[in-house]
Amino acid sequence: MSVFSQLTESSKQNPFSLPVRSGSCSSGAPAAGQVEFGTGKYYALCAFGGVLSCGITHTAIVPLDLVKCRIQVNPEKYTGIASGFRTTVAEEGARALVKGWAPTLIGYSAQGLGKFGFYEVFKNVYADMLGEENAYLYRTSLYLAASASAEFFADILLAPMEATKVRIQTAPGAPPTLRGCAPLIYKTEGLTGFYKGLPPLWMRQIPYTMMKFACFEKTVEALYQYVVPKPRAECSKAEQLVVTFVAGYIAGVFCAIVSHPADTVVSKLNQDSQATAGGILKKLGFAGVWKGLVPRIIMIGTLTALQWFIYDSVKVALNLPRPPPPEMPASLKAKLAAQQ
């Protein structure tokens with residue numbers, strides 16, 4: 001049996017994530033026409049949803065991402081969002097705003113596959129290891145561990161295209177296309193040129209993704225508990241998707257703040273082939289690593305909200321199980337009641 005088969009098999013009947021849960025009763029049986037939870041097909045379709053959610057959204061905001069990167073690597077010239085757009089268009093024309101779209105589309109589609117697909121797998125495997133009661137009690141830690149594990153592999157998929165994208169967008173004289181820039185990096189720096197930014201990419205993306213998933217999951221739980229005036233089961237799919245979007249935007253704001261210093265280091269590293277993370281941090285200082293934070297908050301907030309919205313919409317369209325926010329297991333309720 002393959003490792004993937006073992007992972008999927010172990011998570012099929014995990015009580016923490018069963019798609020049907022009502023009060024103290026739960027059932028793993030799929031609804032008519034619904035993909036069975038925890039199967040290889042389920043995880044493959046979740047990964048496909050991740051491809052669409054990350055690939056589409058990151059490609060759509062390439063102009064803002066380009067300006068953000070240029071503010072980070074050359075703040076003297078690109079002093080803000082508006083001036084960054086004006087300077088770029090004045091010097092290079094409007095077409096320059098879409099520089100790097102191809103490596104963005106390929107790289108972040110691959111990252112989305114790993115981020116969302118592996119998150120679903122790790123979340124359910126870790127919950128199965130903890131057991132129903134502990135999975136509920138320590139669910140925030142579970143979200144953090146599962147998302148960190150998923151992002152570790154997702155960044156390995158992303159790193160080559162991220163290096164190429166930043167080089168296209170920020171390095172003077174760099175070829176303006178993927179087919180021109182990627183071979184140049186390989187010719188001059190070898191494979192290490194694509195992966196030298198991987199450690200700071202992990203530093204940026206793993207905290208970002210941990211915040212993205214944990215904050216999203218907890219915000220969804222809080223919105224249904226304190227804000228939405230009726231139970232989730234009584235909400236239409238459209239209403240549920242609105243909750244998904246709002247929770248995604250709130251999570252995105254926190255994500256941007258947590259991961260921004262490492263994002264600045266990644267941009268600087270991929271701009272200059274001779275730079276080191278330590279040297280960049282020493283040169284920029286504390287204030288310097290926060291350059292470009294405002295456009296990144298706007299970008300990541302919108303990005304994260306749209307990613308969750310697209311991902312959840314794919315689940316709806318493909319009839320995948322969408323478990324409700326976790327409820328306290330009946331066995332735990334009984335234990336707490338007995339202690340009173």
# chains A, B, ... in the order shown; residues from 1 in each chain; ligands from 1
>>> residues_around(residues="Gly49 in chain A", least_positions_apart="2", cutoff="12 Å", atoms="only C-alpha atoms", output="MDAnalysis selection string")
chainID A and resid 42:47 51:56 109:118 120 307:318 320
>>> select_by_dssp(residues="range 96-266 of chain A", states="alpha helix (DSSP H)", output="ChimeraX atom specification")
/A:101-130,132-137,139-170,178-189,192-195,198-222,237-266
>>> closest_residue(among="A:Ser83, A:Gln169, A:Thr264, A:Asn134", to="Val62 in chain A", atoms="only C-alpha atoms")
A:Gln169
>>> closest_residue(among="A:Glu217, A:Asp155, A:Glu36, A:Glu91", to="Pro325 in chain A", atoms="only C-alpha atoms")
A:Glu217
>>> residues_around(residues="range 177-181 of chain A", least_positions_apart="2", cutoff="10 Å", atoms="only C-alpha atoms", output="list of chain:residue names")
A:Lys99, A:Gly100, A:Trp101, A:Ala102, A:Pro103, A:Thr104, A:Met161, A:Ala163, A:Thr164, A:Lys165, A:Arg167, A:Ile168, A:Gln169, A:Ala174, A:Pro175, A:Pro183, A:Leu184, A:Ile185, A:Tyr186, A:Lys187
>>> residues_around(residues="Leu223 in chain A", least_positions_apart="4", cutoff="10 Å", atoms="only C-alpha atoms", output="PyMOL selection string")
chain A and resi 218-219+227-229+232+243-244+246-247
>>> residues_around(residues="Arg296 in chain A", least_positions_apart="6", cutoff="10 Å", atoms="only C-alpha atoms", output="ChimeraX atom specification")
/A:64-65,67-69,252-253,255-257,259-260,263,302-303
>>> write_last_selection(atoms="N, CA and C atoms", output="PDB file, in the first residue's frame")
ATOM      1  N   LEU A  64      -0.433  44.581  -8.904  1.00  0.00           N
ATOM      2  CA  LEU A  64      -0.211  45.038  -7.527  1.00  0.00           C
ATOM      3  C   LEU A  64       0.994  44.343  -6.915  1.00  0.00           C
ATOM      4  N   ASP A  65       1.164  43.070  -7.217  1.00  0.00           N
ATOM      5  CA  ASP A  65       2.310  42.327  -6.698  1.00  0.00           C
ATOM      6  C   ASP A  65       3.609  42.904  -7.238  1.00  0.00           C
ATOM      7  N   VAL A  67       4.208  46.025  -8.195  1.00  0.00           N
ATOM      8  CA  VAL A  67       4.478  47.298  -7.525  1.00  0.00           C
ATOM      9  C   VAL A  67       4.946  47.054  -6.094  1.00  0.00           C
ATOM     10  N   LYS A  68       4.321  46.094  -5.412  1.00  0.00           N
ATOM     11  CA  LYS A  68       4.719  45.763  -4.042  1.00  0.00           C
ATOM     12  C   LYS A  68       6.184  45.325  -3.990  1.00  0.00           C
ATOM     13  N   CYS A  69       6.578  44.439  -4.919  1.00  0.00           N
ATOM     14  CA  CYS A  69       7.963  43.958  -4.954  1.00  0.00           C
ATOM     15  C   CYS A  69       8.934  45.101  -5.227  1.00  0.00           C
ATOM     16  N   GLY A 252      -6.763  37.027   6.027  1.00  0.00           N
ATOM     17  CA  GLY A 252      -5.746  37.582   5.133  1.00  0.00           C
ATOM     18  C   GLY A 252      -5.020  38.782   5.709  1.00  0.00           C
ATOM     19  N   VAL A 253      -5.723  39.635   6.435  1.00  0.00           N
ATOM     20  CA  VAL A 253      -5.087  40.811   7.047  1.00  0.00           C
ATOM     21  C   VAL A 253      -4.020  40.368   8.045  1.00  0.00           C
ATOM     22  N   CYS A 255      -2.533  37.476   8.077  1.00  0.00           N
ATOM     23  CA  CYS A 255      -1.492  36.783   7.312  1.00  0.00           C
ATOM     24  C   CYS A 255      -0.454  37.766   6.781  1.00  0.00           C
ATOM     25  N   ALA A 256      -0.928  38.867   6.224  1.00  0.00           N
ATOM     26  CA  ALA A 256      -0.029  39.848   5.618  1.00  0.00           C
ATOM     27  C   ALA A 256       0.935  40.418   6.650  1.00  0.00           C
ATOM     28  N   ILE A 257       0.431  40.729   7.822  1.00  0.00           N
ATOM     29  CA  ILE A 257       1.271  41.319   8.867  1.00  0.00           C
ATOM     30  C   ILE A 257       2.320  40.313   9.350  1.00  0.00           C
ATOM     31  N   SER A 259       3.643  37.699   7.892  1.00  0.00           N
ATOM     32  CA  SER A 259       4.624  37.197   6.925  1.00  0.00           C
ATOM     33  C   SER A 259       5.376  38.286   6.169  1.00  0.00           C
ATOM     34  N   HIS A 260       5.069  39.558   6.422  1.00  0.00           N
ATOM     35  CA  HIS A 260       5.640  40.604   5.571  1.00  0.00           C
ATOM     36  C   HIS A 260       7.160  40.745   5.658  1.00  0.00           C
ATOM     37  N   ASP A 263       8.695  38.266   3.494  1.00  0.00           N
ATOM     38  CA  ASP A 263       8.372  38.538   2.094  1.00  0.00           C
ATOM     39  C   ASP A 263       9.349  39.557   1.509  1.00  0.00           C
ATOM     40  N   THR A 302      -7.514  40.674   0.142  1.00  0.00           N
ATOM     41  CA  THR A 302      -8.386  40.350  -0.989  1.00  0.00           C
ATOM     42  C   THR A 302      -8.070  38.965  -1.524  1.00  0.00           C
ATOM     43  N   LEU A 303      -6.789  38.673  -1.639  1.00  0.00           N
ATOM     44  CA  LEU A 303      -6.337  37.392  -2.176  1.00  0.00           C
ATOM     45  C   LEU A 303      -6.849  36.222  -1.335  1.00  0.00           C
TER      46      LEU A 303
END
>>> atom_distance(atom1="CA of Ala127 in chain A", atom2="CA of Tyr208 in chain A")
21.6 Å
>>> atom_distance(atom1="CA of Arg139 in chain A", atom2="CA of Glu221 in chain A")
11.5 Å
>>> residues_around(residues="range 282-287 of chain A", least_positions_apart="5", cutoff="12 Å", atoms="only C-alpha atoms", output="PyMOL selection string")
chain A and resi 72-75+260-262+264-265+268+275-277+292-293
>>> residues_around(residues="Ser141 in chain A", least_positions_apart="2", cutoff="12 Å", atoms="only C-alpha atoms", output="list in words")
Lys123, Tyr126, Ala127, Leu130, Asn134, Ala135, Tyr136, Leu137, Tyr138, Arg139, Tyr143, Leu144, Ala145, Ala146, Ser147, Ala148, Met210, Met211, Phe213, Ala214, Cys215, Glu217 and Lys218 of chain A
>>> atom_distance(atom1="CA of Pro231 in chain A", atom2="CA of Gly38 in chain A")
25.3 Å
>>> closest_residue(among="A:Pro295, A:Gly279, A:Thr304, A:Val289", to="Ala251 in chain A", atoms="only C-alpha atoms")
A:Thr304
>>> closest_residue(among="A:Ile61, A:Leu198, A:Ala90, A:Leu269", to="Gly301 in chain A", atoms="only C-alpha atoms")
A:Ile61
